[in-house]
Amino acid sequence: EPETLLAYIEREAACEKDLKGKKILVTAGPTQESIDPVRYITNHSSGKMGYAIAKAAMLRGADVTLVSGRTAVEPPMFVNLVPVVTAKDMYEAVTSVSDEQDIIIKAAAVADYRPKHIADEKVKKSDSEMSLELEKTDDILKYLGEHRKDGQFLCGFSMETENMVENSRKKLEKKKLDMIAANNLKVAGAGFQGDTNQMTLITKEDETALPMISKEETAACILDKILECMNK
Ligand code: CTP
């Protein structure tokens with residue numbers, strides 16, 4: 001099909017192959033945590049940012065693994081797609097291959113809590129109010145920061161609605177990251193679902209405020225910044 005031919009041509013001709021020889025793991029999309037056979041807890045992540053990063057890295061010659069929660073986005077060709085549903089699935093998929101990676105970019109919106117008990121049968125409504133008991137999930141990024149192999153570059157994501165830089169810097173330190181790509185959900189055109197983003201790339205040394213640009217352009221800037229840091 002023409003689209004397939006175009007994808008092959010793009011892979012060969014689109015970009016300078018400045019990530020050739022690099023193994024890159026990208027996570028994308030939301031996780032879903034079941035309540036019962038009918039319902040689950042999730043978030044608004046579309047997966048678009050992570051998929052754009054995976055595609056850009058593939059076009060630049062990297063060997064890309066994309067661990068993705070359920071999304072409606074078409075996965076890019078020539079990446080190794082690992083579909084997952086829950087935070088636990090993502091933890092297992094990521095940690096089983098993390099040692100082999102040169103760069104890990106965690107764009108996924110992972111649940112911080114999941115229902116403590118998943119009901120086997122559909123929960124029926126009653127006349128009273130109900131509450132759900134939640135337990136913490138494992139923080140995948142924190143685990144990666146603590147078990148990182150020498151020379152591996154670790155980039156997290158941070159979504160904030162207030163004190164973006166300050167809160168994101170705290171995550172950078174707490175999770176032992178090299179970089180965190182932060183955005184403020186309250187800025188129109190940034191964050192979940194849309195095709196644009198306005199991110200700030202935060203490292204120990206500096207902050208790079210990107211303009212409001214497409215998620216594809218944002219992906220290119222993230223990869224440029226990672227290469228710049230790794231080549232220092
Ligand atoms: N993350 C993760 N595992 C989790 C939760 C989050 O790997 N269980 C990763 C996300 O993929 C993202 C980063 O951590 O790269 C930031 O996630 P976020 O939920 O914003 O940060 P938290 O540290 O959970 O803090 P808070 O929710 O309080 O803002």
# chains A, B, ... in the order shown; residues from 1 in each chain; ligands from 1
>>> residues_near_ligand(ligand="ligand 1", cutoff="7 Å", atoms="only C-alpha atoms and all ligand atoms", output="ChimeraX atom specification")
/A:87,106-112,137-142,156-160,171
>>> write_last_selection(atoms="N, CA and C atoms", output="short mmCIF file (atom, residue, chain, number, x, y, z; two decimals), in the first residue's frame")
data_model
loop_
_atom_site.label_atom_id
_atom_site.label_comp_id
_atom_site.auth_asym_id
_atom_site.auth_seq_id
_atom_site.Cartn_x
_atom_site.Cartn_y
_atom_site.Cartn_z
N ALA A 87 -0.64 -0.66 35.46
CA ALA A 87 0.67 -0.16 35.93
C ALA A 87 1.60 -1.35 36.22
N LYS A 106 10.03 8.11 29.74
CA LYS A 106 8.79 7.61 30.34
C LYS A 106 7.66 8.61 30.18
N ALA A 107 7.06 8.62 28.99
CA ALA A 107 5.98 9.56 28.72
C ALA A 107 4.62 9.04 29.20
N ALA A 108 4.54 7.78 29.62
CA ALA A 108 3.25 7.20 30.00
C ALA A 108 2.68 7.89 31.24
N ALA A 109 1.34 7.94 31.28
CA ALA A 109 0.64 8.45 32.47
C ALA A 109 0.23 7.23 33.29
N VAL A 110 1.07 6.89 34.25
CA VAL A 110 0.89 5.65 35.01
C VAL A 110 0.02 5.93 36.25
N ALA A 111 -0.91 5.02 36.54
CA ALA A 111 -1.73 5.19 37.75
C ALA A 111 -0.84 5.15 38.98
N ASP A 112 -1.07 6.09 39.91
CA ASP A 112 -0.33 6.06 41.18
C ASP A 112 -1.01 5.12 42.18
N THR A 137 0.59 1.86 43.51
CA THR A 137 1.28 1.05 42.50
C THR A 137 2.79 1.26 42.69
N ASP A 138 3.59 0.44 42.04
CA ASP A 138 5.04 0.67 42.08
C ASP A 138 5.38 1.85 41.20
N ASP A 139 6.29 2.69 41.65
CA ASP A 139 6.75 3.80 40.82
C ASP A 139 7.86 3.28 39.89
N ILE A 140 7.51 3.10 38.63
CA ILE A 140 8.43 2.48 37.66
C ILE A 140 9.67 3.35 37.47
N LEU A 141 9.42 4.64 37.34
CA LEU A 141 10.52 5.57 37.06
C LEU A 141 11.51 5.62 38.23
N LYS A 142 10.97 5.59 39.44
CA LYS A 142 11.82 5.62 40.63
C LYS A 142 12.69 4.35 40.66
N GLY A 156 12.09 11.50 32.53
CA GLY A 156 10.70 11.35 33.00
C GLY A 156 9.83 12.45 32.45
N PHE A 157 8.54 12.32 32.70
CA PHE A 157 7.58 13.36 32.33
C PHE A 157 6.88 13.84 33.59
N SER A 158 6.41 15.06 33.55
CA SER A 158 5.73 15.59 34.71
C SER A 158 4.57 16.48 34.25
N MET A 159 3.41 16.17 34.76
CA MET A 159 2.22 16.98 34.45
C MET A 159 1.86 17.70 35.73
N GLU A 160 1.76 19.01 35.64
CA GLU A 160 1.43 19.77 36.84
C GLU A 160 0.31 20.74 36.53
N LYS A 171 10.76 15.97 41.45
CA LYS A 171 10.67 14.62 40.87
C LYS A 171 12.00 14.22 40.24
#
>>> closest_atom_pairs(of="region 33-85 of chain A", to="region 212-222 of chain A", cutoff="6 Å", atoms="only C-alpha atoms", output="CSV")
residue,atom,partner,partner_atom,distance
A:Met49,CA,A:Lys215,CA,5.7
A:Ala52,CA,A:Glu216,CA,5.4
A:Ile53,CA,A:Ala219,CA,4.7
>>> select_by_dssp(residues="region 24-221 of chain A", states="strand (DSSP E or B)", output="JSON, numbers by chain")
{"A": [24, 25, 26, 27, 28, 30, 33, 34, 40, 41, 63, 64, 65, 66, 67, 68, 80, 81, 82, 83, 103, 104, 105, 106, 109, 113, 114, 115, 134, 135, 136, 153, 154, 155, 156, 157, 158, 159, 160, 179, 180, 181, 182, 183, 184, 196, 197, 199, 200, 201, 202, 203, 207, 208, 209, 213, 214]}
>>> closest_residue(among="A:Lys48, A:Arg39, A:Arg60, A:Arg114", to="Glu16 (chain A)", atoms="only C-alpha atoms")
A:Arg60
>>> closest_residue(among="A:Pro2, A:Gly189, A:Gly21, A:Pro83", to="Val67 (chain A)", atoms="only C-alpha atoms")
A:Pro83
>>> select_by_dssp(residues="chain A", states="helix (DSSP H, G or I)", output="ChimeraX atom specification")
/A:2-13,48-59,87-100,140-146,164-174,215-230
>>> atom_distance(atom1="CA of Glu74 (chain A)", atom2="CA of Leu25 (chain A)")
17.8 Å
>>> closest_residue(among="A:Thr65, A:Thr31, A:Asn163, A:Asn197", to="His44 (chain A)", atoms="only C-alpha atoms")
A:Thr31
>>> closest_residue(among="A:Leu134, A:Leu144, A:Leu5, A:Val79", to="Glu92 (chain A)", atoms="only C-alpha atoms")
A:Leu144
>>> closest_residue(among="A:Asn43, A:Ser131, A:Ser126, A:Thr27", to="Met90 (chain A)", atoms="only C-alpha atoms")
A:Thr27
>>> residues_around(residues="Ala62 (chain A)", least_positions_apart="3", cutoff="7 Å", atoms="only C-alpha atoms", output="PyMOL selection string")
chain A and resi 19-24+57-58
>>> write_last_selection(atoms="all heavy atoms", output="PDB file, in the first residue's frame")
ATOM      1  N   LEU A  19      20.821   8.808  15.943  1.00  0.00           N
ATOM      2  CA  LEU A  19      20.589   7.884  17.068  1.00  0.00           C
ATOM      3  C   LEU A  19      20.896   6.434  16.669  1.00  0.00           C
ATOM      4  O   LEU A  19      20.517   5.499  17.373  1.00  0.00           O
ATOM      5  CB  LEU A  19      19.140   8.002  17.553  1.00  0.00           C
ATOM      6  CG  LEU A  19      18.789   9.315  18.282  1.00  0.00           C
ATOM      7  CD1 LEU A  19      17.291   9.427  18.510  1.00  0.00           C
ATOM      8  CD2 LEU A  19      19.526   9.405  19.618  1.00  0.00           C
ATOM      9  N   LYS A  20      21.594   6.280  15.548  1.00  0.00           N
ATOM     10  CA  LYS A  20      21.918   4.923  15.079  1.00  0.00           C
ATOM     11  C   LYS A  20      22.760   4.196  16.128  1.00  0.00           C
ATOM     12  O   LYS A  20      23.670   4.787  16.728  1.00  0.00           O
ATOM     13  CB  LYS A  20      22.681   5.001  13.754  1.00  0.00           C
ATOM     14  CG  LYS A  20      22.668   3.674  13.023  1.00  0.00           C
ATOM     15  CD  LYS A  20      23.159   3.821  11.593  1.00  0.00           C
ATOM     16  CE  LYS A  20      23.354   2.473  10.937  1.00  0.00           C
ATOM     17  NZ  LYS A  20      22.184   1.610  10.981  1.00  0.00           N
ATOM     18  N   GLY A  21      22.389   2.931  16.377  1.00  0.00           N
ATOM     19  CA  GLY A  21      23.136   2.144  17.360  1.00  0.00           C
ATOM     20  C   GLY A  21      22.617   2.308  18.779  1.00  0.00           C
ATOM     21  O   GLY A  21      23.028   1.596  19.689  1.00  0.00           O
ATOM     22  N   LYS A  22      21.690   3.248  18.992  1.00  0.00           N
ATOM     23  CA  LYS A  22      21.152   3.462  20.347  1.00  0.00           C
ATOM     24  C   LYS A  22      19.874   2.641  20.545  1.00  0.00           C
ATOM     25  O   LYS A  22      19.011   2.585  19.669  1.00  0.00           O
ATOM     26  CB  LYS A  22      20.802   4.936  20.550  1.00  0.00           C
ATOM     27  CG  LYS A  22      21.996   5.872  20.532  1.00  0.00           C
ATOM     28  CD  LYS A  22      22.396   6.263  21.940  1.00  0.00           C
ATOM     29  CE  LYS A  22      23.471   7.309  21.997  1.00  0.00           C
ATOM     30  NZ  LYS A  22      24.781   6.876  21.542  1.00  0.00           N
ATOM     31  N   LYS A  23      19.760   2.035  21.718  1.00  0.00           N
ATOM     32  CA  LYS A  23      18.524   1.330  22.076  1.00  0.00           C
ATOM     33  C   LYS A  23      17.698   2.265  22.960  1.00  0.00           C
ATOM     34  O   LYS A  23      18.205   2.747  23.988  1.00  0.00           O
ATOM     35  CB  LYS A  23      18.836   0.037  22.817  1.00  0.00           C
ATOM     36  CG  LYS A  23      19.478  -1.002  21.905  1.00  0.00           C
ATOM     37  CD  LYS A  23      19.492  -2.366  22.551  1.00  0.00           C
ATOM     38  CE  LYS A  23      18.125  -2.979  22.514  1.00  0.00           C
ATOM     39  NZ  LYS A  23      18.046  -4.408  22.406  1.00  0.00           N
ATOM     40  N   ILE A  24      16.480   2.531  22.526  1.00  0.00           N
ATOM     41  CA  ILE A  24      15.645   3.493  23.258  1.00  0.00           C
ATOM     42  C   ILE A  24      14.313   2.846  23.643  1.00  0.00           C
ATOM     43  O   ILE A  24      13.649   2.224  22.812  1.00  0.00           O
ATOM     44  CB  ILE A  24      15.376   4.753  22.399  1.00  0.00           C
ATOM     45  CG1 ILE A  24      16.715   5.388  21.982  1.00  0.00           C
ATOM     46  CG2 ILE A  24      14.499   5.745  23.154  1.00  0.00           C
ATOM     47  CD1 ILE A  24      16.593   6.763  21.351  1.00  0.00           C
ATOM     48  N   ALA A  57      12.419   8.857  17.156  1.00  0.00           N
ATOM     49  CA  ALA A  57      13.654   8.126  17.488  1.00  0.00           C
ATOM     50  C   ALA A  57      13.931   7.047  16.441  1.00  0.00           C
ATOM     51  O   ALA A  57      15.076   6.848  16.022  1.00  0.00           O
ATOM     52  CB  ALA A  57      13.536   7.510  18.884  1.00  0.00           C
ATOM     53  N   MET A  58      12.858   6.363  15.984  1.00  0.00           N
ATOM     54  CA  MET A  58      13.016   5.338  14.946  1.00  0.00           C
ATOM     55  C   MET A  58      13.557   5.980  13.651  1.00  0.00           C
ATOM     56  O   MET A  58      14.489   5.464  13.027  1.00  0.00           O
ATOM     57  CB  MET A  58      11.656   4.659  14.718  1.00  0.00           C
ATOM     58  CG  MET A  58      11.579   3.644  13.613  1.00  0.00           C
ATOM     59  SD  MET A  58      11.333   4.349  11.979  1.00  0.00           S
ATOM     60  CE  MET A  58       9.647   4.990  12.090  1.00  0.00           C
TER      61      MET A  58
END
>>> closest_residue(among="A:Asp127, A:Val165, A:Thr196, A:Ala188", to="Thr208 (chain A)", atoms="only C-alpha atoms")
A:Val165
>>> residues_around(residues="Ser98 (chain A)", least_positions_apart="2", cutoff="10 Å", atoms="only C-alpha atoms", output="list in words")
Lys23, Ile24, Leu25, Glu92, Ala93, Val94, Thr95, Ser96, Glu100, Gln101, Asp102, Ile103, Ile104, Leu144, His147, Arg148, Lys149 and Gln152 of chain A
>>> residues_around(residues="Val38 (chain A)", least_positions_apart="5", cutoff="9 Å", atoms="only C-alpha atoms", output="number ranges by chain")
A: 121-123
>>> write_last_selection(atoms="N, CA, C and O atoms", output="PDB file, in the first residue's frame")
ATOM      1  N   GLU A 121     -17.363 -10.086  40.203  1.00  0.00           N
ATOM      2  CA  GLU A 121     -18.653  -9.853  39.556  1.00  0.00           C
ATOM      3  C   GLU A 121     -18.915  -8.357  39.490  1.00  0.00           C
ATOM      4  O   GLU A 121     -18.340  -7.594  40.266  1.00  0.00           O
ATOM      5  N   LYS A 122     -19.802  -7.964  38.602  1.00  0.00           N
ATOM      6  CA  LYS A 122     -20.138  -6.541  38.470  1.00  0.00           C
ATOM      7  C   LYS A 122     -20.670  -6.001  39.804  1.00  0.00           C
ATOM      8  O   LYS A 122     -21.530  -6.628  40.435  1.00  0.00           O
ATOM      9  N   VAL A 123     -20.126  -4.862  40.226  1.00  0.00           N
ATOM     10  CA  VAL A 123     -20.589  -4.244  41.478  1.00  0.00           C
ATOM     11  C   VAL A 123     -21.950  -3.600  41.219  1.00  0.00           C
ATOM     12  O   VAL A 123     -22.085  -2.790  40.296  1.00  0.00           O
TER      13      VAL A 123
END
>>> residues_around(residues="Ala14 (chain A)", least_positions_apart="5", cutoff="10 Å", atoms="only C-alpha atoms", output="list in words")
Ala7, Tyr8, Ile9, Ala56, Leu59 and Arg60 of chain A
>>> write_last_selection(atoms="N, CA, C and O atoms", output="PDB file, in the first residue's frame")
ATOM      1  N   ALA A   7       6.200   4.835   4.396  1.00  0.00           N
ATOM      2  CA  ALA A   7       6.856   4.608   5.698  1.00  0.00           C
ATOM      3  C   ALA A   7       8.281   4.092   5.500  1.00  0.00           C
ATOM      4  O   ALA A   7       9.211   4.512   6.200  1.00  0.00           O
ATOM      5  N   TYR A   8       8.465   3.184   4.532  1.00  0.00           N
ATOM      6  CA  TYR A   8       9.816   2.653   4.266  1.00  0.00           C
ATOM      7  C   TYR A   8      10.742   3.758   3.735  1.00  0.00           C
ATOM      8  O   TYR A   8      11.895   3.860   4.127  1.00  0.00           O
ATOM      9  N   ILE A   9      10.180   4.588   2.822  1.00  0.00           N
ATOM     10  CA  ILE A   9      10.993   5.674   2.244  1.00  0.00           C
ATOM     11  C   ILE A   9      11.381   6.678   3.333  1.00  0.00           C
ATOM     12  O   ILE A   9      12.533   7.090   3.448  1.00  0.00           O
ATOM     13  N   ALA A  56       9.915   9.492  16.097  1.00  0.00           N
ATOM     14  CA  ALA A  56      11.063  10.363  15.803  1.00  0.00           C
ATOM     15  C   ALA A  56      12.376   9.625  16.060  1.00  0.00           C
ATOM     16  O   ALA A  56      13.323   9.721  15.268  1.00  0.00           O
ATOM     17  N   LEU A  59      12.971   7.137  13.283  1.00  0.00           N
ATOM     18  CA  LEU A  59      13.409   7.805  12.038  1.00  0.00           C
ATOM     19  C   LEU A  59      14.860   8.273  12.130  1.00  0.00           C
ATOM     20  O   LEU A  59      15.533   8.410  11.117  1.00  0.00           O
ATOM     21  N   ARG A  60      15.325   8.517  13.366  1.00  0.00           N
ATOM     22  CA  ARG A  60      16.709   8.956  13.551  1.00  0.00           C
ATOM     23  C   ARG A  60      17.649   7.759  13.745  1.00  0.00           C
ATOM     24  O   ARG A  60      18.792   7.920  14.128  1.00  0.00           O
TER      25      ARG A  60
END
